[in-house]
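Text of entry-v6.pdb, listed as PDB, C-alpha atoms, pLDDT in the B column:
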ATOM      1  CA  MET A   1     -40.523 -30.900  25.619  1.00 53.00           C
ATOM      2  CA  VAL A   2     -40.471 -27.108  25.465  1.00 52.00           C
ATOM      3  CA  SER A   3     -36.899 -26.880  26.758  1.00 59.00           C
ATOM      4  CA  LEU A   4     -35.742 -29.433  24.155  1.00 54.00           C
ATOM      5  CA  ARG A   5     -37.462 -27.415  21.420  1.00 57.00           C
ATOM      6  CA  SER A   6     -35.846 -24.151  22.612  1.00 58.00           C
ATOM      7  CA  SER A   7     -32.457 -25.888  22.883  1.00 56.00           C
ATOM      8  CA  LEU A   8     -32.785 -27.089  19.288  1.00 54.00           C
ATOM      9  CA  HIS A   9     -33.845 -23.617  18.234  1.00 53.00           C
ATOM     10  CA  VAL A  10     -30.791 -22.078  19.942  1.00 53.00           C
ATOM     11  CA  ALA A  11     -28.510 -24.699  18.364  1.00 53.00           C
ATOM     12  CA  LEU A  12     -30.000 -24.010  14.940  1.00 50.00           C
ATOM     13  CA  VAL A  13     -29.582 -20.253  15.345  1.00 47.00           C
ATOM     14  CA  LEU A  14     -25.975 -20.667  16.507  1.00 47.00           C
ATOM     15  CA  THR A  15     -25.230 -22.964  13.571  1.00 49.00           C
ATOM     16  CA  MET A  16     -26.729 -20.466  11.142  1.00 48.00           C
ATOM     17  CA  TRP A  17     -24.719 -17.596  12.650  1.00 43.00           C
ATOM     18  CA  SER A  18     -21.590 -19.711  12.533  1.00 47.00           C
ATOM     19  CA  TYR A  19     -22.163 -20.291   8.819  1.00 43.00           C
ATOM     20  CA  VAL A  20     -22.987 -16.645   8.171  1.00 42.00           C
ATOM     21  CA  LEU A  21     -19.769 -15.544   9.860  1.00 42.00           C
ATOM     22  CA  SER A  22     -17.709 -18.254   8.209  1.00 43.00           C
ATOM     23  CA  ARG A  23     -15.402 -17.781   5.288  1.00 41.00           C
ATOM     24  CA  GLY A  24     -17.475 -20.146   3.140  1.00 43.00           C
ATOM     25  CA  PHE A  25     -20.517 -17.921   3.288  1.00 41.00           C
ATOM     26  CA  CYS A  26     -18.499 -14.811   2.462  1.00 42.00           C
ATOM     27  CA  GLN A  27     -16.845 -16.599  -0.454  1.00 42.00           C
ATOM     28  CA  THR A  28     -20.267 -17.673  -1.739  1.00 39.00           C
ATOM     29  CA  VAL A  29     -21.530 -14.096  -1.530  1.00 39.00           C
ATOM     30  CA  ALA A  30     -18.358 -12.861  -3.218  1.00 39.00           C
ATOM     31  CA  LYS A  31     -18.801 -15.299  -6.109  1.00 40.00           C
ATOM     32  CA  VAL A  32     -22.413 -14.297  -6.575  1.00 38.00           C
ATOM     33  CA  ARG A  33     -21.732 -10.562  -6.381  1.00 40.00           C
ATOM     34  CA  GLY A  34     -18.257 -10.637  -7.970  1.00 43.00           C
ATOM     35  CA  ARG A  35     -16.715  -8.799  -5.030  1.00 39.00           C
ATOM     36  CA  SER A  36     -14.429  -9.634  -2.161  1.00 38.00           C
ATOM     37  CA  TYR A  37     -15.492  -9.087   1.432  1.00 41.00           C
ATOM     38  CA  PRO A  38     -13.460  -9.654   4.575  1.00 43.00           C
ATOM     39  CA  THR A  39     -14.685 -12.254   7.022  1.00 42.00           C
ATOM     40  CA  LEU A  40     -14.818 -11.836  10.763  1.00 41.00           C
ATOM     41  CA  GLY A  41     -11.929 -14.283  11.037  1.00 39.00           C
ATOM     42  CA  SER A  42      -9.751 -12.392   8.555  1.00 36.00           C
ATOM     43  CA  ALA A  43     -10.528  -9.111  10.284  1.00 36.00           C
ATOM     44  CA  LEU A  44      -9.542 -10.576  13.649  1.00 34.00           C
ATOM     45  CA  ARG A  45      -6.390 -12.121  12.136  1.00 32.00           C
ATOM     46  CA  SER A  46      -5.298  -8.834  10.600  1.00 33.00           C
ATOM     47  CA  PHE A  47      -6.012  -7.001  13.858  1.00 34.00           C
ATOM     48  CA  THR A  48      -4.060  -9.456  15.983  1.00 31.00           C
ATOM     49  CA  THR A  49      -1.182 -10.154  13.584  1.00 32.00           C
ATOM     50  CA  SER A  50      -0.495  -6.796  11.984  1.00 35.00           C
ATOM     51  CA  SER A  51      -0.798  -4.548  14.998  1.00 34.00           C
ATOM     52  CA  PRO A  52       2.440  -2.989  16.180  1.00 37.00           C
ATOM     53  CA  LYS A  53       4.005  -4.366  19.337  1.00 38.00           C
ATOM     54  CA  TYR A  54       3.933  -2.361  22.547  1.00 37.00           C
ATOM     55  CA  GLY A  55       5.985   0.791  22.082  1.00 37.00           C
ATOM     56  CA  GLU A  56       6.135   0.355  18.312  1.00 37.00           C
ATOM     57  CA  THR A  57       4.162   2.536  15.937  1.00 39.00           C
ATOM     58  CA  SER A  58       2.807   1.271  12.646  1.00 39.00           C
ATOM     59  CA  GLU A  59       5.474   3.472  11.040  1.00 44.00           C
ATOM     60  CA  SER A  60       8.255   1.505  12.739  1.00 42.00           C
ATOM     61  CA  ALA A  61       6.751  -1.944  12.198  1.00 40.00           C
ATOM     62  CA  PRO A  62       8.548  -3.986   9.525  1.00 44.00           C
ATOM     63  CA  SER A  63       6.503  -4.500   6.418  1.00 66.00           C
ATOM     64  CA  ALA A  64       6.691  -5.897   2.891  1.00 78.00           C
ATOM     65  CA  SER A  65       5.649  -2.448   1.700  1.00 91.00           C
ATOM     66  CA  VAL A  66       8.917  -0.888   2.887  1.00 94.00           C
ATOM     67  CA  VAL A  67      12.013  -0.790   0.680  1.00 94.00           C
ATOM     68  CA  MET A  68      15.388  -0.665   2.423  1.00 95.00           C
ATOM     69  CA  TYR A  69      18.458   1.206   1.153  1.00 95.00           C
ATOM     70  CA  SER A  70      20.154  -1.957  -0.177  1.00 94.00           C
ATOM     71  CA  GLN A  71      16.991  -2.993  -2.049  1.00 94.00           C
ATOM     72  CA  LEU A  72      16.674   0.488  -3.545  1.00 94.00           C
ATOM     73  CA  LYS A  73      20.303   0.390  -4.722  1.00 95.00           C
ATOM     74  CA  THR A  74      19.721  -2.995  -6.374  1.00 94.00           C
ATOM     75  CA  MET A  75      16.500  -1.877  -8.051  1.00 94.00           C
ATOM     76  CA  LEU A  76      18.228   1.264  -9.367  1.00 94.00           C
ATOM     77  CA  SER A  77      21.259  -0.629 -10.669  1.00 94.00           C
ATOM     78  CA  ASN A  78      18.984  -3.173 -12.388  1.00 94.00           C
ATOM     79  CA  ARG A  79      16.865  -0.313 -13.742  1.00 92.00           C
ATOM     80  CA  ASP A  80      13.868  -2.160 -12.335  1.00 91.00           C
ATOM     81  CA  ILE A  81      12.135   0.665 -10.509  1.00 95.00           C
ATOM     82  CA  GLN A  82       9.558   3.399 -10.940  1.00 96.00           C
ATOM     83  CA  LEU A  83      10.762   5.811  -8.282  1.00 97.00           C
ATOM     84  CA  PHE A  84       8.536   8.748  -7.351  1.00 98.00           C
ATOM     85  CA  ASP A  85       9.807  11.578  -5.162  1.00 97.00           C
ATOM     86  CA  VAL A  86       6.814  13.118  -3.369  1.00 97.00           C
ATOM     87  CA  ARG A  87       8.738  16.053  -1.907  1.00 97.00           C
ATOM     88  CA  ASN A  88       8.171  19.639  -3.021  1.00 97.00           C
ATOM     89  CA  PRO A  89       9.950  20.788  -6.217  1.00 96.00           C
ATOM     90  CA  ASP A  90      12.432  22.962  -4.286  1.00 96.00           C
ATOM     91  CA  GLU A  91      13.495  19.966  -2.178  1.00 96.00           C
ATOM     92  CA  TYR A  92      13.801  17.835  -5.305  1.00 96.00           C
ATOM     93  CA  LEU A  93      15.989  20.430  -7.024  1.00 95.00           C
ATOM     94  CA  ALA A  94      18.228  20.728  -3.950  1.00 94.00           C
ATOM     95  CA  GLY A  95      19.116  17.021  -4.163  1.00 95.00           C
ATOM     96  CA  ARG A  96      17.543  13.869  -5.527  1.00 95.00           C
ATOM     97  CA  ILE A  97      17.904  10.149  -5.969  1.00 96.00           C
ATOM     98  CA  PRO A  98      18.845   9.332  -9.590  1.00 94.00           C
ATOM     99  CA  ASP A  99      15.945   8.483 -11.916  1.00 94.00           C
ATOM    100  CA  ALA A 100      13.314   9.712  -9.444  1.00 97.00           C
ATOM    101  CA  VAL A 101      10.292  11.473 -10.915  1.00 97.00           C
ATOM    102  CA  ASN A 102       9.058  14.404  -8.833  1.00 97.00           C
ATOM    103  CA  ILE A 103       5.328  14.326  -8.080  1.00 97.00           C
ATOM    104  CA  PRO A 104       4.594  16.409  -4.976  1.00 97.00           C
ATOM    105  CA  LEU A 105       2.342  14.636  -2.485  1.00 97.00           C
ATOM    106  CA  GLY A 106      -0.442  17.199  -3.009  1.00 96.00           C
ATOM    107  CA  ASN A 107      -0.575  16.304  -6.730  1.00 97.00           C
ATOM    108  CA  LEU A 108      -0.119  12.552  -6.412  1.00 97.00           C
ATOM    109  CA  GLU A 109      -3.727  11.375  -6.422  1.00 97.00           C
ATOM    110  CA  GLU A 110      -4.719  13.330  -9.535  1.00 97.00           C
ATOM    111  CA  SER A 111      -1.451  12.353 -11.237  1.00 97.00           C
ATOM    112  CA  LEU A 112      -2.016   8.633 -10.654  1.00 97.00           C
ATOM    113  CA  LYS A 113      -5.481   8.990 -12.173  1.00 97.00           C
ATOM    114  CA  LEU A 114      -4.111  10.389 -15.461  1.00 96.00           C
ATOM    115  CA  SER A 115      -4.232   8.352 -18.639  1.00 96.00           C
ATOM    116  CA  PRO A 116      -0.890   6.697 -19.472  1.00 96.00           C
ATOM    117  CA  GLU A 117      -0.443   9.055 -22.417  1.00 97.00           C
ATOM    118  CA  HIS A 118      -1.101  12.200 -20.379  1.00 97.00           C
ATOM    119  CA  PHE A 119       1.129  10.951 -17.546  1.00 96.00           C
ATOM    120  CA  GLN A 120       3.943  10.344 -20.062  1.00 96.00           C
ATOM    121  CA  GLN A 121       3.565  13.851 -21.506  1.00 96.00           C
ATOM    122  CA  LEU A 122       3.451  15.549 -18.131  1.00 95.00           C
ATOM    123  CA  PHE A 123       6.250  13.680 -16.343  1.00 95.00           C
ATOM    124  CA  GLU A 124       8.324  12.322 -19.252  1.00 94.00           C
ATOM    125  CA  ALA A 125       8.117   8.892 -17.634  1.00 95.00           C
ATOM    126  CA  LYS A 126       6.110   5.711 -18.104  1.00 94.00           C
ATOM    127  CA  ALA A 127       2.853   5.746 -16.168  1.00 96.00           C
ATOM    128  CA  PRO A 128       2.775   3.207 -13.351  1.00 96.00           C
ATOM    129  CA  GLY A 129       0.401   0.286 -13.772  1.00 96.00           C
ATOM    130  CA  LYS A 130      -1.809  -0.942 -10.967  1.00 95.00           C
ATOM    131  CA  ASP A 131      -0.172  -4.384 -11.056  1.00 94.00           C
ATOM    132  CA  ASP A 132       3.425  -3.115 -11.236  1.00 94.00           C
ATOM    133  CA  ASP A 133       5.571  -4.384  -8.372  1.00 92.00           C
ATOM    134  CA  ASN A 134       8.419  -1.905  -8.841  1.00 95.00           C
ATOM    135  CA  ILE A 135       6.638   1.315  -7.815  1.00 97.00           C
ATOM    136  CA  VAL A 136       8.465   3.042  -4.947  1.00 97.00           C
ATOM    137  CA  PHE A 137       7.657   6.369  -3.305  1.00 97.00           C
ATOM    138  CA  HIS A 138      10.153   8.376  -1.294  1.00 97.00           C
ATOM    139  CA  CYS A 139      10.376  11.740   0.437  1.00 97.00           C
ATOM    140  CA  LYS A 140      12.837  13.221   2.912  1.00 96.00           C
ATOM    141  CA  SER A 141      12.311  10.884   5.859  1.00 94.00           C
ATOM    142  CA  GLY A 142       9.441   8.481   5.132  1.00 93.00           C
ATOM    143  CA  ASN A 143       6.389  10.362   6.409  1.00 95.00           C
ATOM    144  CA  ARG A 144       5.098  11.765   3.122  1.00 96.00           C
ATOM    145  CA  SER A 145       6.038   8.621   1.228  1.00 96.00           C
ATOM    146  CA  SER A 146       3.962   6.598   3.692  1.00 95.00           C
ATOM    147  CA  LYS A 147       1.007   8.880   2.932  1.00 96.00           C
ATOM    148  CA  ALA A 148       1.752   8.512  -0.794  1.00 97.00           C
ATOM    149  CA  LEU A 149       1.668   4.750  -0.372  1.00 96.00           C
ATOM    150  CA  ASP A 150      -1.763   5.001   1.287  1.00 96.00           C
ATOM    151  CA  ILE A 151      -3.052   7.134  -1.597  1.00 97.00           C
ATOM    152  CA  ALA A 152      -1.676   4.730  -4.199  1.00 97.00           C
ATOM    153  CA  ARG A 153      -3.141   1.708  -2.412  1.00 96.00           C
ATOM    154  CA  GLN A 154      -6.563   3.390  -2.260  1.00 96.00           C
ATOM    155  CA  LEU A 155      -6.347   3.878  -6.029  1.00 97.00           C
ATOM    156  CA  GLY A 156      -5.579   0.195  -6.591  1.00 96.00           C
ATOM    157  CA  PHE A 157      -1.768   0.195  -6.761  1.00 96.00           C
ATOM    158  CA  SER A 158      -1.676  -2.709  -4.334  1.00 93.00           C
ATOM    159  CA  ARG A 159       1.962  -3.678  -4.904  1.00 94.00           C
ATOM    160  CA  ALA A 160       3.443  -0.190  -4.457  1.00 96.00           C
ATOM    161  CA  ARG A 161       6.044   0.360  -1.729  1.00 96.00           C
ATOM    162  CA  HIS A 162       7.897   3.216  -0.092  1.00 95.00           C
ATOM    163  CA  TYR A 163      11.505   3.911   0.827  1.00 96.00           C
ATOM    164  CA  LYS A 164      11.171   4.718   4.490  1.00 94.00           C
ATOM    165  CA  GLY A 165      14.703   6.068   4.877  1.00 94.00           C
ATOM    166  CA  GLY A 166      13.987   8.750   2.298  1.00 96.00           C
ATOM    167  CA  TYR A 167      16.413  11.163   0.755  1.00 96.00           C
ATOM    168  CA  SER A 168      18.010  11.820   4.158  1.00 96.00           C
ATOM    169  CA  GLU A 169      19.187   8.224   4.465  1.00 96.00           C
ATOM    170  CA  TRP A 170      20.108   8.101   0.776  1.00 95.00           C
ATOM    171  CA  ALA A 171      22.315  11.203   1.046  1.00 95.00           C
ATOM    172  CA  GLU A 172      23.958   9.887   4.220  1.00 95.00           C
ATOM    173  CA  GLN A 173      24.669   6.473   2.668  1.00 93.00           C
ATOM    174  CA  GLU A 174      25.937   8.026  -0.550  1.00 92.00           C
ATOM    175  CA  GLY A 175      28.150  10.500   1.326  1.00 86.00           C
ATOM    176  CA  LYS A 176      26.401  13.605   0.011  1.00 72.00           C
TER     177      LYS A 176
END
Since I need it in another form, could you write the structure as structure tokens?
Amino acid sequence: MVSLRSSLHVALVLTMWSYVLSRGFCQTVAKVRGRSYPTLGSALRSFTTSSPKYGETSESAPSASVVMYSQLKTMLSNRDIQLFDVRNPDEYLAGRIPDAVNIPLGNLEESLKLSPEHFQQLFEAKAPGKDDDNIVFHCKSGNRSSKALDIARQLGFSRARHYKGGYSEWAEQEGK
């Protein structure tokens, strides 16, 4: 009788833990608290599906957050882009992609926190919105723009992207 009782107790505890770790519980908590929390399953999925393959860094892994040269050209020709050059001003003055607004990486976070009016005055460009899907960062070779993308994402610009090829690829493709 005791072993049956302990078996039922173990089964009940396992069932409760299963529910606690399930997506349904997390969704219920999220609805009550008005927040979103990752579940164990989603964390495991993101770990197993988004990790780079052997010999591949996260920088070289393909991603929806990366804009390729051809996409950048199309966005520029359609005038459907908010392009931010996160290189230093001297690099920007030495050569730039047309219509890019220069915001050095060290100033990016505070610049993205500005009011739309202040941003417009300071950069003579429309302030990016957190839901805009045409925000693209670039630098010389993709390293600083990747960091800029991380900063923007932390501030809530979840649809921002970066041009990994950077000005180096642009200049090569454009024959400059």
Q.
Env of Ile81 of chain A: 9 Å cut, atoms = all atoms listed in the file, seq-sep filter 4 positions within chain, self excluded. Answer as an MDAnalysis selection string.
A. chainID A and resid 72 75:76 99 133:136
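If you measure from each of A:Lys176, A:Arg87, A:Asp132, A:Ile103 to Phe119 of chain A using all atoms listed in the file, the closest one turns out to be A:Ile103.
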Apply the PyMOL selection byres ((chain A and resi 149) around 7) to the structure shown and report the selected residues as a PDB file with C-alpha atoms, in the frame of the given file.
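What ended up in part_3.pdb:
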ATOM      1  CA  PHE A 137       7.657   6.369  -3.305  1.00 97.00           C
ATOM      2  CA  SER A 145       6.038   8.621   1.228  1.00 96.00           C
ATOM      3  CA  SER A 146       3.962   6.598   3.692  1.00 95.00           C
ATOM      4  CA  LYS A 147       1.007   8.880   2.932  1.00 96.00           C
ATOM      5  CA  ALA A 148       1.752   8.512  -0.794  1.00 97.00           C
ATOM      6  CA  ASP A 150      -1.763   5.001   1.287  1.00 96.00           C
ATOM      7  CA  ILE A 151      -3.052   7.134  -1.597  1.00 97.00           C
ATOM      8  CA  ALA A 152      -1.676   4.730  -4.199  1.00 97.00           C
ATOM      9  CA  ARG A 153      -3.141   1.708  -2.412  1.00 96.00           C
ATOM     10  CA  ALA A 160       3.443  -0.190  -4.457  1.00 96.00           C
ATOM     11  CA  ARG A 161       6.044   0.360  -1.729  1.00 96.00           C
ATOM     12  CA  HIS A 162       7.897   3.216  -0.092  1.00 95.00           C
TER      13      HIS A 162
END
(Q) Could you list, as a PyMOL selection string, every residue matched by the PyMOL selection byres ((chain A and resi 98) around 12) in this structure? (A) chain A and resi 72-73+75-77+79+81-85+92-93+95-97+99-102+167+170-171+174
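Of the residues listed (A:His118, A:Lys130, A:His138, A:Lys113), A:His138 shows the shortest atom-to-atom separation from Gly165 of chain A; distances use only C-alpha atoms.
Across the model, the gap from atom CA of Val86 of chain A to atom CA of Glu124 of chain A is 16.0 Å.
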(Q) Just to confirm, what's the straight-line distance from atom CA of Gly156 of chain A to atom CA of Asp131 of chain A in Å (one decimal)? (A) 8.4 Å
Q.
For Lys164 of chain A, find every residue with an atom within 9 Å (counting all atoms listed in the file), except residues of its own chain fewer than 4 positions away, and show them as number ranges by chain.
A. A: 59, 66-69, 137-143, 145-146, 169
Let me see the file: selected residues, C-alpha atoms, as a PDB file, in the frame of the given file.
ATOM      1  CA  GLU A  59       5.474   3.472  11.040  1.00 44.00           C
ATOM      2  CA  VAL A  66       8.917  -0.888   2.887  1.00 94.00           C
ATOM      3  CA  VAL A  67      12.013  -0.790   0.680  1.00 94.00           C
ATOM      4  CA  MET A  68      15.388  -0.665   2.423  1.00 95.00           C
ATOM      5  CA  TYR A  69      18.458   1.206   1.153  1.00 95.00           C
ATOM      6  CA  PHE A 137       7.657   6.369  -3.305  1.00 97.00           C
ATOM      7  CA  HIS A 138      10.153   8.376  -1.294  1.00 97.00           C
ATOM      8  CA  CYS A 139      10.376  11.740   0.437  1.00 97.00           C
ATOM      9  CA  LYS A 140      12.837  13.221   2.912  1.00 96.00           C
ATOM     10  CA  SER A 141      12.311  10.884   5.859  1.00 94.00           C
ATOM     11  CA  GLY A 142       9.441   8.481   5.132  1.00 93.00           C
ATOM     12  CA  ASN A 143       6.389  10.362   6.409  1.00 95.00           C
ATOM     13  CA  SER A 145       6.038   8.621   1.228  1.00 96.00           C
ATOM     14  CA  SER A 146       3.962   6.598   3.692  1.00 95.00           C
ATOM     15  CA  GLU A 169      19.187   8.224   4.465  1.00 96.00           C
TER      16      GLU A 169
END
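Atom CA of Pro104 of chain A sits 19.6 Å away from atom CA of Glu117 of chain A.
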Q | Closest of A:Ser158, A:Arg144, A:Leu122, A:Gly175 to Leu105 of chain A - atom-to-atom distances counting all atoms listed in the file | A | A:Arg144
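Considering the residues A:Leu108, A:Ala94, A:Pro89, A:Ala64 and counting only C-alpha atoms, Pro128 of chain A has its shortest atom-to-atom contact with A:Leu108.
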Would you compute the box with edges along x, y and z of the file around segment 158-171 of chain A, including every atom the file lists for it and 5 Å extra on each side, and give its centre and edge lengths in Å to one decimal, as JSON?
{"center_x": 10.3, "center_y": 4.1, "center_z": 0.0, "size_x": 34.0, "size_y": 25.5, "size_z": 19.8}
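In this comparison, which uses only C-alpha atoms, the residue of A:Leu155, A:Ser65, A:Asn78, A:Gly166 approaching Ser111 of chain A most closely is A:Leu155.
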